[in-house]
Every structure is written in C-alpha cells, then in structure tokens.
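Novice: Take this structure first; my questions come after.
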Amino acid sequence: MLWFGMIIIGLTGGLGAGKTTIARLFQDCGAHIIDADLLAREVVKPGKIAWKDIHAHFGDGVLQPDKSLNRQALARIVFQDPQQLKILQDMLHPRIAREQTRQMKTISKSSPSAVIIYDAALLLEAGAHHRMNHVIVVKADRATQIARVCRRDGLTKTEALRRMRQQMPLRQKLQFADTVLDGAWPRSRLRPVVQSLYRTYQQEARQRNRP
C-alpha cells in the first residue's frame with residue numbers, strides 16, 4: 001500500500017550497520033521517523049494480543065516480575081532456534097504493520113507531503129518493503145558491525161554473530177535497494193549525502209501533491 005502524497009522510505013540494514021544514525025540524520029532534515037523496534041515494544045505491552053500470544057507459546061520464563069516482556073530472555077530462545085524466531089516474527093509483524101499504518105495516518109493529517117523514514121531491521125524479511133516508495137539499505141564491514149553490537153547490547157562476539165546470521169544476508173538485501181549507504185562512514189561524510197536524498201524525496205512528495 002503506497003500513500004498518496006507522502007513518500008515512505010524503508011530504511012534497513014544488518015545489526016550494527018548504522019541505520020539508527022542515518023535515521024537521525026534524516027530527522028535532522030525534517031523527515032518523520034517511524035521506528036519498527038519502538039512499534040514492537042508497543043504491541044507487546046502486557047495485556048495486548050501479541051503479549052498474550054508470546055506468553056502462551058513461550059511461557060512465564062519470558063516475563064519480568066511485573067509481567068512485562070523480558071526481551072533478553074526471549075532473545076536467548078529465538079536466536080538459538082530459527083523455527084522459534086519465525087514463530088515470534090509471525091506473531092509480531094502483522095501487528096507492527098497495523099501500528100505503522102496508524103502512525104502514518106496521523107502524520108498524513110498534519111503533513112500530507114511528509115517524507116517518512118520507516119526504520120526497520122527486518123523490513124525485507126517481513127515483506128514491508130512492498131509498502132515503501134523507496135528502500136535504503138545500510139551496510140558496514142563485519143568488524144564494525146560486531147564491535148557496535150557487542151558494545152551496544154553487551155553481547156559476546158559469538159552471540160553477535162549468531163544474531164547477525166539470523167538476518168537476511170547483505171547480498172540479498174542489496175537486490176531490493178534503491179540506495180545503498182555505508183554506515184561505517186563518519187557523520188560528517190554521511191550528513192551531506194542524507195541531506196541530498198532528503199531534498200530529492202521532498203521534491204517527489206511535493207510533485208505527488210500537485211493538482
């Protein structure tokens with residue numbers, strides 16, 4: 001589903017590739033950011049349907065004492081078992097898609113020519129790229145990815161590699177890319193590239209809204 005007027009850009013890449021930094025650079029330009037990870041946190045709040053499904057399938061061991069989801073405990077299960085990961089993704093992806101649509105409707109009311117960046121690590125795996133006008137894939141060398149993931153998430157190198165292997169390989173992601181950005185570049189080098197892309201998307205959105 002492509003929205004009249006607005007331009008929706010899917011931003012994806014491997015763990016630790018640098019897409020969050022690039023999303024923030026787009027935000028600095030004036031783009032609206034929808035973060036799939038934040039949507040995922042929203043749909044698994046205690047009592048929601050996804051939370052109930054996860055609890056029913058994975059048991060009490062993936063809950064905190066306050067009944068909120070223990071994401072680390074759940075990650076330990078699913079990143080060691082591809083079948084369990086798929087089960088979890090099948091629970092989450094449709095609900096995340098609905099929440100994304102709700103947020104886009106809200107944005108469209110105040111900004112009909114908005115440029116929206118949908119920041120989603122599993123954009124392609126979830127099939128969400130079909131709802132995008134353009135796809136940006138962020139790449140980085142493997143050493144940079146591992147170092148970032150270990151530092152950010154407190155993982156060992158083995159754990160980081162295990163999680164990275166659960167994602168679609170970069171060579172496959174690149175087949176869907178309209179634009180490829182190197183997330184290992186410093187911000188000073190990325191910023192003008194992002195600013196140029198944003199101006200292009202902004203112009204496209206304005207053209208779509210012309211009578």
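In the structure tokens, chains take letters A, B, ... by order of appearance, with residues numbered from 1 within each chain and ligands from 1 in the order shown.
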Can you pull out the residues contacting Thr158 of chain A? Cut-off 10 Å, using only C-alpha atoms, and skip same-chain residues under 6 positions away; I want them as a ChimeraX atom specification.

Specialist: /A:146,150,164

Novice: Please compute the atom CA of Pro65 of chain A-atom CA of Gln89 of chain A distance, one decimal, in Å.

Specialist: 23.9 Å

Novice: Identify which of the residues A:Asp53, A:Arg71, A:Ala97, A:Phe79 lies closest to His130 of chain A, counting only C-alpha atoms when measuring atom-to-atom distances.

Specialist: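 When distances to His130 of chain A are compared using only C-alpha atoms, the smallest one comes from A:Ala97.
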
Novice: Per DSSP on the backbone, what are the alpha helix (DSSP H) residues of segment 56-208 of chain A, as a VMD selection string?

Specialist: chain A and resid 56 to 58 71 to 78 82 to 110 142 to 153 157 to 165 170 to 173 187 to 208
